[in-house]
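Colleague: Next comes query_39.pdb, PDB, C-alpha atoms, pLDDT in the B column:
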```pdb
ATOM      1  CA  MET G   1      -8.121  -6.313   0.470  1.00 62.00           C
ATOM      2  CA  SER G   2     -11.108  -8.653   0.124  1.00 71.00           C
ATOM      3  CA  ALA G   3     -13.374  -5.649  -0.484  1.00 69.00           C
ATOM      4  CA  VAL G   4     -11.041  -4.362  -3.190  1.00 79.00           C
ATOM      5  CA  LEU G   5     -11.024  -7.744  -4.932  1.00 77.00           C
ATOM      6  CA  ARG G   6     -14.796  -8.189  -4.603  1.00 80.00           C
ATOM      7  CA  ASP G   7     -15.612  -4.712  -5.893  1.00 77.00           C
ATOM      8  CA  GLY G   8     -12.883  -4.941  -8.521  1.00 78.00           C
ATOM      9  CA  GLY G   9     -14.452  -8.188  -9.750  1.00 83.00           C
ATOM     10  CA  ALA G  10     -17.770  -6.389 -10.186  1.00 79.00           C
ATOM     11  CA  VAL G  11     -16.109  -3.632 -12.223  1.00 82.00           C
ATOM     12  CA  LEU G  12     -14.241  -6.286 -14.218  1.00 84.00           C
ATOM     13  CA  GLY G  13     -17.570  -7.916 -15.109  1.00 83.00           C
ATOM     14  CA  ARG G  14     -18.966  -4.557 -16.197  1.00 81.00           C
ATOM     15  CA  HIS G  15     -16.035  -3.946 -18.566  1.00 77.00           C
ATOM     16  CA  LEU G  16     -16.247  -7.459 -20.030  1.00 80.00           C
ATOM     17  CA  GLN G  17     -19.965  -6.944 -20.661  1.00 80.00           C
ATOM     18  CA  ARG G  18     -19.047  -3.706 -22.373  1.00 74.00           C
ATOM     19  CA  VAL G  19     -16.671  -5.545 -24.684  1.00 70.00           C
ATOM     20  CA  ARG G  20     -19.318  -8.173 -25.437  1.00 71.00           C
ATOM     21  CA  HIS G  21     -21.809  -5.504 -26.471  1.00 66.00           C
ATOM     22  CA  ALA G  22     -19.254  -3.652 -28.625  1.00 64.00           C
ATOM     23  CA  PRO G  23     -17.429  -6.442 -30.502  1.00 67.00           C
ATOM     24  CA  ALA G  24     -16.341  -4.111 -33.314  1.00 64.00           C
ATOM     25  CA  ILE G  25     -13.880  -2.358 -30.992  1.00 64.00           C
ATOM     26  CA  LEU G  26     -12.403  -5.683 -29.919  1.00 67.00           C
ATOM     27  CA  VAL G  27     -12.109  -6.892 -33.509  1.00 70.00           C
ATOM     28  CA  MET G  28     -10.377  -3.671 -34.572  1.00 68.00           C
ATOM     29  CA  THR G  29      -7.874  -3.714 -31.714  1.00 70.00           C
ATOM     30  CA  GLN G  30      -7.039  -7.364 -32.378  1.00 74.00           C
ATOM     31  CA  THR G  31      -6.885  -7.021 -36.166  1.00 82.00           C
ATOM     32  CA  MET G  32      -4.463  -4.103 -36.374  1.00 84.00           C
ATOM     33  CA  PRO G  33      -1.484  -5.958 -34.804  1.00 87.00           C
ATOM     34  CA  ILE G  34      -1.993  -8.768 -37.322  1.00 89.00           C
ATOM     35  CA  VAL G  35      -2.064  -6.274 -40.201  1.00 89.00           C
ATOM     36  CA  PHE G  36       1.146  -4.666 -38.952  1.00 87.00           C
ATOM     37  CA  LEU G  37       2.767  -8.070 -38.480  1.00 89.00           C
ATOM     38  CA  LEU G  38       2.020  -9.042 -42.074  1.00 88.00           C
ATOM     39  CA  PHE G  39       3.108  -5.669 -43.400  1.00 87.00           C
ATOM     40  CA  PHE G  40       6.390  -5.519 -41.493  1.00 85.00           C
ATOM     41  CA  GLY G  41       7.092  -9.208 -42.032  1.00 83.00           C
ATOM     42  CA  TYR G  42       6.615  -9.308 -45.797  1.00 82.00           C
ATOM     43  CA  VAL G  43       7.057  -5.713 -46.983  1.00 76.00           C
ATOM     44  CA  PHE G  44       9.282  -3.826 -44.546  1.00 70.00           C
ATOM     45  CA  GLY G  45      11.353  -6.911 -43.773  1.00 66.00           C
ATOM     46  CA  SER G  46      12.521  -7.225 -47.376  1.00 63.00           C
ATOM     47  CA  ALA G  47      14.525  -4.002 -46.959  1.00 61.00           C
ATOM     48  CA  LEU G  48      16.551  -5.324 -44.010  1.00 65.00           C
ATOM     49  CA  ALA G  49      19.789  -7.260 -44.153  1.00 57.00           C
ATOM     50  CA  MET G  50      18.292 -10.096 -42.106  1.00 66.00           C
ATOM     51  CA  PRO G  51      16.847 -12.950 -44.216  1.00 55.00           C
ATOM     52  CA  GLY G  52      13.050 -13.034 -44.391  1.00 55.00           C
ATOM     53  CA  ASP G  53      12.434 -16.018 -42.120  1.00 67.00           C
ATOM     54  CA  GLU G  54      15.035 -14.819 -39.629  1.00 82.00           C
ATOM     55  CA  TYR G  55      13.502 -11.355 -39.551  1.00 86.00           C
ATOM     56  CA  ARG G  56      10.010 -12.720 -38.971  1.00 86.00           C
ATOM     57  CA  ALA G  57      11.342 -14.770 -36.038  1.00 89.00           C
ATOM     58  CA  PHE G  58      12.794 -11.500 -34.712  1.00 91.00           C
ATOM     59  CA  LEU G  59       9.644  -9.516 -35.467  1.00 92.00           C
ATOM     60  CA  VAL G  60       6.882 -11.652 -33.935  1.00 95.00           C
ATOM     61  CA  PRO G  61       8.042 -11.269 -30.298  1.00 96.00           C
ATOM     62  CA  GLY G  62       8.515  -7.557 -30.916  1.00 95.00           C
ATOM     63  CA  MET G  63       4.978  -7.261 -32.250  1.00 95.00           C
ATOM     64  CA  LEU G  64       3.651  -9.117 -29.206  1.00 96.00           C
ATOM     65  CA  VAL G  65       5.419  -6.574 -26.982  1.00 96.00           C
ATOM     66  CA  ALA G  66       4.146  -3.650 -29.074  1.00 94.00           C
ATOM     67  CA  THR G  67       0.638  -5.021 -28.534  1.00 93.00           C
ATOM     68  CA  ALA G  68       1.302  -5.149 -24.798  1.00 95.00           C
ATOM     69  CA  ALA G  69       2.492  -1.531 -24.888  1.00 94.00           C
ATOM     70  CA  ASN G  70      -0.837  -0.534 -26.442  1.00 91.00           C
ATOM     71  CA  GLY G  71      -2.248  -0.800 -22.931  1.00 91.00           C
ATOM     72  CA  ILE G  72      -1.343   2.877 -22.603  1.00 93.00           C
ATOM     73  CA  MET G  73      -3.688   3.834 -25.429  1.00 90.00           C
ATOM     74  CA  THR G  74      -6.614   1.577 -24.505  1.00 89.00           C
ATOM     75  CA  GLY G  75      -6.331   2.334 -20.791  1.00 91.00           C
ATOM     76  CA  MET G  76      -6.219   6.067 -21.449  1.00 91.00           C
ATOM     77  CA  PHE G  77      -9.211   6.102 -23.785  1.00 88.00           C
ATOM     78  CA  THR G  78     -11.393   3.880 -21.604  1.00 88.00           C
ATOM     79  CA  ALA G  79     -10.637   5.824 -18.418  1.00 90.00           C
ATOM     80  CA  ALA G  80     -11.219   9.172 -20.145  1.00 90.00           C
ATOM     81  CA  GLN G  81     -14.467   7.963 -21.661  1.00 87.00           C
ATOM     82  CA  ASP G  82     -15.842   6.713 -18.344  1.00 87.00           C
ATOM     83  CA  SER G  83     -14.647   9.831 -16.544  1.00 86.00           C
ATOM     84  CA  HIS G  84     -16.116  12.390 -18.934  1.00 83.00           C
ATOM     85  CA  ARG G  85     -19.378  10.527 -19.527  1.00 82.00           C
ATOM     86  CA  GLY G  86     -20.211  10.364 -15.830  1.00 81.00           C
ATOM     87  CA  VAL G  87     -19.723   6.618 -15.372  1.00 80.00           C
ATOM     88  CA  MET G  88     -17.097   7.076 -12.674  1.00 82.00           C
ATOM     89  CA  ASP G  89     -19.299   9.633 -10.916  1.00 80.00           C
ATOM     90  CA  ARG G  90     -21.938   6.928 -10.573  1.00 83.00           C
ATOM     91  CA  PHE G  91     -19.339   4.523  -9.234  1.00 82.00           C
ATOM     92  CA  ARG G  92     -18.342   7.092  -6.610  1.00 78.00           C
ATOM     93  CA  THR G  93     -21.884   7.146  -5.252  1.00 79.00           C
ATOM     94  CA  LEU G  94     -21.681   3.420  -4.482  1.00 79.00           C
ATOM     95  CA  PRO G  95     -20.280   1.989  -1.228  1.00 79.00           C
ATOM     96  CA  MET G  96     -17.246   0.394  -2.858  1.00 82.00           C
ATOM     97  CA  SER G  97     -13.488   0.567  -2.615  1.00 83.00           C
ATOM     98  CA  ARG G  98     -12.021   3.458  -4.575  1.00 81.00           C
ATOM     99  CA  ALA G  99      -9.148   1.282  -5.792  1.00 88.00           C
ATOM    100  CA  ALA G 100     -11.617  -1.225  -7.258  1.00 89.00           C
ATOM    101  CA  VAL G 101     -12.667   0.928 -10.216  1.00 90.00           C
ATOM    102  CA  PRO G 102      -9.262   1.360 -11.908  1.00 92.00           C
ATOM    103  CA  LEU G 103      -8.298  -2.170 -10.820  1.00 92.00           C
ATOM    104  CA  GLY G 104     -11.369  -3.631 -12.501  1.00 92.00           C
ATOM    105  CA  GLN G 105     -10.602  -1.770 -15.708  1.00 92.00           C
ATOM    106  CA  ALA G 106      -6.974  -2.955 -15.703  1.00 94.00           C
ATOM    107  CA  ALA G 107      -8.013  -6.552 -15.004  1.00 93.00           C
ATOM    108  CA  ALA G 108     -10.595  -6.523 -17.815  1.00 91.00           C
ATOM    109  CA  ASP G 109      -7.985  -5.198 -20.229  1.00 92.00           C
ATOM    110  CA  LEU G 110      -5.634  -7.998 -19.156  1.00 93.00           C
ATOM    111  CA  VAL G 111      -8.274 -10.657 -19.856  1.00 92.00           C
ATOM    112  CA  THR G 112      -9.115  -9.308 -23.312  1.00 90.00           C
ATOM    113  CA  THR G 113      -5.421  -8.922 -24.152  1.00 91.00           C
ATOM    114  CA  ALA G 114      -4.695 -12.542 -23.187  1.00 92.00           C
ATOM    115  CA  ALA G 115      -7.478 -13.673 -25.520  1.00 88.00           C
ATOM    116  CA  GLY G 116      -6.341 -11.286 -28.240  1.00 88.00           C
ATOM    117  CA  LEU G 117      -2.777 -12.618 -28.260  1.00 92.00           C
ATOM    118  CA  VAL G 118      -4.022 -15.995 -29.493  1.00 92.00           C
ATOM    119  CA  PRO G 119      -4.792 -14.990 -33.121  1.00 92.00           C
ATOM    120  CA  LEU G 120      -1.577 -12.951 -33.294  1.00 94.00           C
ATOM    121  CA  VAL G 121       0.445 -15.964 -32.151  1.00 95.00           C
ATOM    122  CA  LEU G 122      -1.331 -18.219 -34.664  1.00 95.00           C
ATOM    123  CA  VAL G 123      -0.552 -15.840 -37.523  1.00 94.00           C
ATOM    124  CA  GLY G 124       3.057 -15.685 -36.376  1.00 94.00           C
ATOM    125  CA  LEU G 125       3.281 -19.465 -36.396  1.00 94.00           C
ATOM    126  CA  ALA G 126       1.785 -19.520 -39.891  1.00 93.00           C
ATOM    127  CA  MET G 127       4.527 -17.092 -40.988  1.00 91.00           C
ATOM    128  CA  GLY G 128       7.225 -19.490 -39.811  1.00 89.00           C
ATOM    129  CA  TRP G 129       7.910 -18.212 -36.295  1.00 93.00           C
ATOM    130  CA  ARG G 130       8.561 -20.922 -33.706  1.00 93.00           C
ATOM    131  CA  MET G 131       8.900 -21.098 -29.919  1.00 95.00           C
ATOM    132  CA  ASP G 132      12.198 -22.946 -29.685  1.00 93.00           C
ATOM    133  CA  GLY G 133      12.929 -22.232 -26.038  1.00 92.00           C
ATOM    134  CA  GLY G 134      10.611 -24.905 -24.621  1.00 94.00           C
ATOM    135  CA  PRO G 135       7.130 -24.721 -23.068  1.00 95.00           C
ATOM    136  CA  VAL G 136       8.219 -23.446 -19.644  1.00 97.00           C
ATOM    137  CA  ALA G 137      10.256 -20.603 -21.123  1.00 97.00           C
ATOM    138  CA  ALA G 138       7.380 -19.772 -23.504  1.00 97.00           C
ATOM    139  CA  LEU G 139       4.975 -19.527 -20.565  1.00 97.00           C
ATOM    140  CA  GLY G 140       7.462 -17.240 -18.865  1.00 97.00           C
ATOM    141  CA  ALA G 141       7.550 -15.039 -21.972  1.00 97.00           C
ATOM    142  CA  PHE G 142       3.769 -14.761 -22.060  1.00 97.00           C
ATOM    143  CA  GLY G 143       3.778 -14.000 -18.348  1.00 97.00           C
ATOM    144  CA  LEU G 144       6.184 -11.106 -18.919  1.00 98.00           C
ATOM    145  CA  LEU G 145       4.023  -9.840 -21.786  1.00 97.00           C
ATOM    146  CA  LEU G 146       0.900  -9.804 -19.621  1.00 97.00           C
ATOM    147  CA  LEU G 147       2.740  -8.217 -16.686  1.00 98.00           C
ATOM    148  CA  PHE G 148       3.973  -5.456 -18.984  1.00 98.00           C
ATOM    149  CA  ARG G 149       0.486  -4.987 -20.438  1.00 97.00           C
ATOM    150  CA  PHE G 150      -0.919  -4.673 -16.919  1.00 97.00           C
ATOM    151  CA  ALA G 151       1.680  -2.005 -16.114  1.00 98.00           C
ATOM    152  CA  THR G 152       1.096  -0.014 -19.308  1.00 97.00           C
ATOM    153  CA  THR G 153      -2.658  -0.120 -18.754  1.00 96.00           C
ATOM    154  CA  TRP G 154      -2.172   1.629 -15.418  1.00 97.00           C
ATOM    155  CA  ILE G 155      -0.145   4.325 -17.196  1.00 96.00           C
ATOM    156  CA  GLY G 156      -3.073   4.808 -19.548  1.00 95.00           C
ATOM    157  CA  ILE G 157      -5.615   4.882 -16.706  1.00 95.00           C
ATOM    158  CA  LEU G 158      -3.622   7.570 -14.920  1.00 95.00           C
ATOM    159  CA  LEU G 159      -3.330   9.690 -18.061  1.00 94.00           C
ATOM    160  CA  GLY G 160      -6.972   9.120 -18.952  1.00 92.00           C
ATOM    161  CA  LEU G 161      -8.144  10.284 -15.536  1.00 92.00           C
ATOM    162  CA  ALA G 162      -5.959  13.369 -15.879  1.00 90.00           C
ATOM    163  CA  SER G 163      -7.134  14.198 -19.414  1.00 86.00           C
ATOM    164  CA  ARG G 164      -9.310  17.208 -20.148  1.00 76.00           C
ATOM    165  CA  SER G 165     -11.550  15.406 -22.653  1.00 79.00           C
ATOM    166  CA  GLU G 166     -12.063  12.186 -24.577  1.00 78.00           C
ATOM    167  CA  GLU G 167     -10.674  13.857 -27.686  1.00 78.00           C
ATOM    168  CA  ALA G 168      -7.479  14.893 -25.910  1.00 78.00           C
ATOM    169  CA  ALA G 169      -7.048  11.368 -24.557  1.00 80.00           C
ATOM    170  CA  GLY G 170      -7.571   9.919 -28.024  1.00 75.00           C
ATOM    171  CA  GLN G 171      -4.986  12.214 -29.583  1.00 77.00           C
ATOM    172  CA  LEU G 172      -2.423  11.562 -26.866  1.00 79.00           C
ATOM    173  CA  GLY G 173      -3.137   7.835 -27.000  1.00 74.00           C
ATOM    174  CA  SER G 174      -2.530   7.773 -30.747  1.00 76.00           C
ATOM    175  CA  ALA G 175       0.837   9.450 -30.186  1.00 79.00           C
ATOM    176  CA  THR G 176       1.987   6.426 -28.166  1.00 83.00           C
ATOM    177  CA  PHE G 177       2.195   4.560 -31.478  1.00 84.00           C
ATOM    178  CA  VAL G 178       5.747   5.894 -31.849  1.00 89.00           C
ATOM    179  CA  LEU G 179       7.013   4.244 -28.649  1.00 93.00           C
ATOM    180  CA  PRO G 180       7.661   0.804 -30.243  1.00 93.00           C
ATOM    181  CA  LEU G 181       9.399   2.575 -33.137  1.00 91.00           C
ATOM    182  CA  LEU G 182      11.927   3.964 -30.644  1.00 94.00           C
ATOM    183  CA  SER G 183      12.855   0.485 -29.434  1.00 95.00           C
ATOM    184  CA  ASN G 184      14.103  -2.833 -30.765  1.00 94.00           C
ATOM    185  CA  ALA G 185      10.563  -4.143 -31.294  1.00 93.00           C
ATOM    186  CA  TYR G 186      10.808  -3.964 -35.090  1.00 91.00           C
ATOM    187  CA  ILE G 187      14.513  -3.576 -35.882  1.00 87.00           C
ATOM    188  CA  PRO G 188      17.781  -4.324 -34.040  1.00 89.00           C
ATOM    189  CA  THR G 189      19.397  -1.397 -32.267  1.00 89.00           C
ATOM    190  CA  ASP G 190      23.007  -2.241 -33.148  1.00 85.00           C
ATOM    191  CA  GLY G 191      22.785  -0.285 -36.402  1.00 82.00           C
ATOM    192  CA  MET G 192      21.455   2.880 -34.758  1.00 86.00           C
ATOM    193  CA  PRO G 193      23.573   5.950 -33.949  1.00 90.00           C
ATOM    194  CA  GLY G 194      25.036   5.766 -30.457  1.00 87.00           C
ATOM    195  CA  TRP G 195      22.700   8.275 -28.798  1.00 91.00           C
ATOM    196  CA  LEU G 196      19.619   6.764 -30.431  1.00 92.00           C
ATOM    197  CA  ARG G 197      20.670   3.230 -29.522  1.00 93.00           C
ATOM    198  CA  THR G 198      21.075   4.249 -25.881  1.00 94.00           C
ATOM    199  CA  ALA G 199      17.611   5.856 -25.840  1.00 95.00           C
ATOM    200  CA  ALA G 200      16.043   2.840 -27.546  1.00 95.00           C
ATOM    201  CA  GLU G 201      17.652   0.328 -25.197  1.00 95.00           C
ATOM    202  CA  TRP G 202      16.453   2.214 -22.125  1.00 97.00           C
ATOM    203  CA  ASN G 203      12.935   2.122 -23.541  1.00 97.00           C
ATOM    204  CA  PRO G 204      11.096  -0.531 -21.445  1.00 97.00           C
ATOM    205  CA  ILE G 205       9.700  -2.038 -24.649  1.00 97.00           C
ATOM    206  CA  SER G 206      13.230  -3.037 -25.700  1.00 97.00           C
ATOM    207  CA  ALA G 207      13.849  -4.990 -22.491  1.00 97.00           C
ATOM    208  CA  VAL G 208      10.558  -6.874 -22.785  1.00 98.00           C
ATOM    209  CA  ALA G 209      11.083  -7.591 -26.492  1.00 97.00           C
ATOM    210  CA  THR G 210      14.591  -8.923 -25.832  1.00 96.00           C
ATOM    211  CA  ALA G 211      13.319 -11.053 -22.944  1.00 97.00           C
ATOM    212  CA  ALA G 212      10.550 -12.491 -25.131  1.00 97.00           C
ATOM    213  CA  ARG G 213      12.995 -13.353 -27.925  1.00 96.00           C
ATOM    214  CA  ASP G 214      15.373 -14.951 -25.435  1.00 96.00           C
ATOM    215  CA  LEU G 215      12.667 -17.024 -23.732  1.00 96.00           C
ATOM    216  CA  PHE G 216      11.042 -18.034 -27.019  1.00 96.00           C
ATOM    217  CA  GLY G 217      14.489 -19.149 -28.212  1.00 94.00           C
ATOM    218  CA  ASN G 218      14.517 -16.754 -31.166  1.00 92.00           C
ATOM    219  CA  ALA G 219      17.534 -14.557 -30.318  1.00 88.00           C
ATOM    220  CA  PRO G 220      19.820 -14.102 -27.301  1.00 87.00           C
ATOM    221  CA  ALA G 221      20.378 -10.801 -25.568  1.00 86.00           C
ATOM    222  CA  PRO G 222      22.861  -8.688 -27.592  1.00 85.00           C
ATOM    223  CA  GLU G 223      26.317  -7.972 -26.250  1.00 82.00           C
ATOM    224  CA  GLY G 224      27.300  -4.460 -25.290  1.00 86.00           C
ATOM    225  CA  ALA G 225      23.716  -3.333 -24.788  1.00 90.00           C
ATOM    226  CA  ALA G 226      22.369  -1.179 -21.964  1.00 94.00           C
ATOM    227  CA  TRP G 227      21.694  -3.023 -18.696  1.00 95.00           C
ATOM    228  CA  PRO G 228      17.918  -3.618 -19.158  1.00 95.00           C
ATOM    229  CA  VAL G 229      18.550  -5.223 -22.563  1.00 96.00           C
ATOM    230  CA  ALA G 230      21.695  -7.096 -21.499  1.00 95.00           C
ATOM    231  CA  HIS G 231      19.666  -8.595 -18.590  1.00 95.00           C
ATOM    232  CA  PRO G 232      16.250  -8.652 -20.274  1.00 96.00           C
ATOM    233  CA  VAL G 233      14.197 -10.792 -17.887  1.00 97.00           C
ATOM    234  CA  ALA G 234      15.317  -8.846 -14.824  1.00 97.00           C
ATOM    235  CA  GLY G 235      14.986  -5.609 -16.776  1.00 97.00           C
ATOM    236  CA  SER G 236      11.441  -6.460 -17.897  1.00 98.00           C
ATOM    237  CA  ILE G 237      10.280  -7.361 -14.407  1.00 98.00           C
ATOM    238  CA  GLY G 238      12.018  -4.314 -12.957  1.00 98.00           C
ATOM    239  CA  TRP G 239      10.469  -1.886 -15.457  1.00 98.00           C
ATOM    240  CA  SER G 240       6.997  -3.366 -14.955  1.00 98.00           C
ATOM    241  CA  LEU G 241       7.199  -3.231 -11.160  1.00 98.00           C
ATOM    242  CA  VAL G 242       8.506   0.345 -11.196  1.00 98.00           C
ATOM    243  CA  LEU G 243       5.684   1.447 -13.505  1.00 98.00           C
ATOM    244  CA  LEU G 244       3.113  -0.262 -11.289  1.00 98.00           C
ATOM    245  CA  ALA G 245       4.617   1.181  -8.097  1.00 98.00           C
ATOM    246  CA  VAL G 246       4.398   4.691  -9.548  1.00 97.00           C
ATOM    247  CA  CYS G 247       1.146   4.577 -11.541  1.00 97.00           C
ATOM    248  CA  VAL G 248      -1.172   2.487  -9.341  1.00 96.00           C
ATOM    249  CA  PRO G 249      -1.175   4.801  -6.281  1.00 95.00           C
ATOM    250  CA  LEU G 250      -1.235   7.911  -8.484  1.00 96.00           C
ATOM    251  CA  ALA G 251      -4.195   6.607 -10.504  1.00 95.00           C
ATOM    252  CA  VAL G 252      -6.143   5.651  -7.366  1.00 93.00           C
ATOM    253  CA  ARG G 253      -5.338   9.037  -5.824  1.00 93.00           C
ATOM    254  CA  ARG G 254      -6.458  10.822  -8.992  1.00 91.00           C
ATOM    255  CA  TYR G 255      -9.711   8.871  -9.060  1.00 90.00           C
ATOM    256  CA  THR G 256     -10.363   9.621  -5.387  1.00 86.00           C
ATOM    257  CA  ALA G 257      -9.407  13.298  -5.690  1.00 82.00           C
ATOM    258  CA  ALA G 258     -11.955  13.792  -8.464  1.00 65.00           C
ATOM    259  CA  GLU G 259     -14.640  12.863  -5.954  1.00 57.00           C
ATOM    260  CA  GLY G 260     -14.311  16.218  -4.317  1.00 49.00           C
TER     261      GLY G 260
END
```
Do you think you could lay out the structure here as structure tokens?

Modeller:
Amino acid sequence: MSAVLRDGGAVLGRHLQRVRHAPAILVMTQTMPIVFLLFFGYVFGSALAMPGDEYRAFLVPGMLVATAANGIMTGMFTAAQDSHRGVMDRFRTLPMSRAAVPLGQAAADLVTTAAGLVPLVLVGLAMGWRMDGGPVAALGAFGLLLLFRFATTWIGILLGLASRSEEAAGQLGSATFVLPLLSNAYIPTDGMPGWLRTAAEWNPISAVATAARDLFGNAPAPEGAAWPVAHPVAGSIGWSLVLLAVCVPLAVRRYTAAEG
């Protein structure tokens, strides 16, 4: 375990250096959620029955969760890029733990995401959103967001390692944009048709978004919802742990198998 953490720390440093030398990518990934927040909050929100300020209080936690779900896209692209450009082949020649390489990538993504949430939160506060659930509950909400981001990053790493090319990974990663649309991240599910509401509420994003709204004190869990949304904190933790339990060993196995 100590070797995994030591080697993973080295890979983490490499990825953070990579971000430092390519700030444009970081700026773009942090700017887009803010653009979407402003667009949905002031343009799309005017078409909903919810009053503007109330909708923005509903929207900001959902946008934070959508940003966390983007770990699939960033994890997939980064893993595919390193895999197809020979970076991971060079790592395999080093006497280091095989689990350290994907772990270092996931940890670096978690660090940059934590920093990137700050401007999004500040814009949300400027739009009138407030954390009314208290500081401890707010910290719990951010903890759930980062746990979910960590889990989705491992999904992306697994898919990126399995991709045939960088281009294929980029196209598949872009397709994940629809996942928050099939959830309650942007709009409530109670107005959806029954089959669509069921699908949306079993989307892990819906559980995390509901948990964030509940902990931030913006909206309670809706009645009559599917179990992960009716019990959002437990549902969020459960979804994240299941995703990690499935994707971490598969990603490490995929990375190791490519060695042969």

Colleague: Applying the PyMOL selection byres ((chain G and resi 103) around 10) to the file I just gave you, which residues come out? Please list them as an mmCIF file with C-alpha atoms, keeping the file's coordinate frame.

Modeller:
```cif
data_model
loop_
_atom_site.group_PDB
_atom_site.id
_atom_site.type_symbol
_atom_site.label_atom_id
_atom_site.label_comp_id
_atom_site.auth_asym_id
_atom_site.auth_seq_id
_atom_site.Cartn_x
_atom_site.Cartn_y
_atom_site.Cartn_z
ATOM 1 C CA VAL G 4 -11.041 -4.362 -3.190
ATOM 2 C CA LEU G 5 -11.024 -7.744 -4.932
ATOM 3 C CA ASP G 7 -15.612 -4.712 -5.893
ATOM 4 C CA GLY G 8 -12.883 -4.941 -8.521
ATOM 5 C CA GLY G 9 -14.452 -8.188 -9.750
ATOM 6 C CA VAL G 11 -16.109 -3.632 -12.223
ATOM 7 C CA LEU G 12 -14.241 -6.286 -14.218
ATOM 8 C CA ARG G 98 -12.021 3.458 -4.575
ATOM 9 C CA ALA G 99 -9.148 1.282 -5.792
ATOM 10 C CA ALA G 100 -11.617 -1.225 -7.258
ATOM 11 C CA VAL G 101 -12.667 0.928 -10.216
ATOM 12 C CA PRO G 102 -9.262 1.360 -11.908
ATOM 13 C CA GLY G 104 -11.369 -3.631 -12.501
ATOM 14 C CA GLN G 105 -10.602 -1.770 -15.708
ATOM 15 C CA ALA G 106 -6.974 -2.955 -15.703
ATOM 16 C CA ALA G 107 -8.013 -6.552 -15.004
ATOM 17 C CA ALA G 108 -10.595 -6.523 -17.815
ATOM 18 C CA ASP G 109 -7.985 -5.198 -20.229
ATOM 19 C CA PHE G 150 -0.919 -4.673 -16.919
ATOM 20 C CA THR G 153 -2.658 -0.120 -18.754
ATOM 21 C CA TRP G 154 -2.172 1.629 -15.418
ATOM 22 C CA ILE G 157 -5.615 4.882 -16.706
ATOM 23 C CA VAL G 248 -1.172 2.487 -9.341
ATOM 24 C CA ALA G 251 -4.195 6.607 -10.504
ATOM 25 C CA VAL G 252 -6.143 5.651 -7.366
#
```

Colleague: Taking into account all atoms listed in the file, which residue in the set G:Arg56, G:Arg18, G:Arg213, G:Arg85 is nearest to Phe36 (chain G)?

Modeller: G:Arg56

Colleague: Can I get the residues of region 88-133 of chain G within 10 Å of region 58-79 of chain G, each with the closest pair of atoms and their distance in Å to one decimal, using only C-alpha atoms, sorted chain first then ascending number, as CSV?

Modeller:
```
residue,atom,partner,partner_atom,distance
G:Met88,CA,G:Ala79,CA,8.7
G:Val101,CA,G:Ala79,CA,9.8
G:Pro102,CA,G:Ala79,CA,8.0
G:Gln105,CA,G:Gly75,CA,7.8
G:Ala106,CA,G:Gly75,CA,7.4
G:Asp109,CA,G:Gly71,CA,7.7
G:Leu110,CA,G:Gly71,CA,8.8
G:Thr113,CA,G:Ala68,CA,7.7
G:Ala114,CA,G:Ala68,CA,9.7
G:Gly116,CA,G:Thr67,CA,9.4
G:Leu117,CA,G:Leu64,CA,7.4
G:Leu120,CA,G:Leu64,CA,7.7
G:Val121,CA,G:Val60,CA,8.0
G:Val123,CA,G:Val60,CA,9.3
G:Gly124,CA,G:Val60,CA,6.1
G:Leu125,CA,G:Val60,CA,8.9
G:Met127,CA,G:Val60,CA,9.2
G:Gly128,CA,G:Val60,CA,9.8
G:Trp129,CA,G:Val60,CA,7.0
G:Arg130,CA,G:Val60,CA,9.4
G:Met131,CA,G:Pro61,CA,9.9
```

Colleague: Quick one: residues within 12 Å of Ala168 (chain G), all atoms listed in the file, excluding same-chain residues fewer than 3 positions away - as an MDAnalysis selection string?

Modeller: chainID G and resid 73 76:77 80:81 84 159:165 171:175

Colleague: Which residues fall under the PyMOL selection byres ((chain G and resi 205) around 8) in this file, as an mmCIF file with C-alpha atoms, in the frame of the given file?

Modeller:
```cif
data_model
loop_
_atom_site.group_PDB
_atom_site.id
_atom_site.type_symbol
_atom_site.label_atom_id
_atom_site.label_comp_id
_atom_site.auth_asym_id
_atom_site.auth_seq_id
_atom_site.Cartn_x
_atom_site.Cartn_y
_atom_site.Cartn_z
ATOM 1 C CA VAL G 65 5.419 -6.574 -26.982
ATOM 2 C CA ALA G 66 4.146 -3.650 -29.074
ATOM 3 C CA ALA G 69 2.492 -1.531 -24.888
ATOM 4 C CA LEU G 179 7.013 4.244 -28.649
ATOM 5 C CA PRO G 180 7.661 0.804 -30.243
ATOM 6 C CA SER G 183 12.855 0.485 -29.434
ATOM 7 C CA ASN G 184 14.103 -2.833 -30.765
ATOM 8 C CA ALA G 185 10.563 -4.143 -31.294
ATOM 9 C CA ASN G 203 12.935 2.122 -23.541
ATOM 10 C CA PRO G 204 11.096 -0.531 -21.445
ATOM 11 C CA SER G 206 13.230 -3.037 -25.700
ATOM 12 C CA ALA G 207 13.849 -4.990 -22.491
ATOM 13 C CA VAL G 208 10.558 -6.874 -22.785
ATOM 14 C CA ALA G 209 11.083 -7.591 -26.492
#
```

Colleague: Mind working out the centre and edge lengths of an axis-aligned box for region 10-16 of chain G, all listed atoms inside, 3 Å added to each side, rounded to one decimal in Å and written as JSON?

Modeller:
```
{"center_x": -16.6, "center_y": -5.8, "center_z": -15.1, "size_x": 10.7, "size_y": 10.3, "size_z": 15.8}
```

Colleague: Of the candidates G:Thr176, G:Thr256, G:Gln30, G:Ser236, which shows the shortest atom-to-atom distance to Val118 (chain G), using only C-alpha atoms?

Modeller: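 For Val118 (chain G), the nearest of the given residues is G:Gln30.
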
Colleague: Got a sec to resolve the PyMOL selection byres ((chain G and resi 225-228) around 12) on this structure and send the residues as an MDAnalysis selection string?

Modeller: chainID G and resid 184 188:190 192 194:211 220:224 229:240

Colleague: Enter the distance from CA of Val111 (chain G) to CA of Leu139 (chain G), in Å, rounded to one decimal.

Modeller: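 Separation between CA of Val111 (chain G) and CA of Leu139 (chain G): 16.0 Å.
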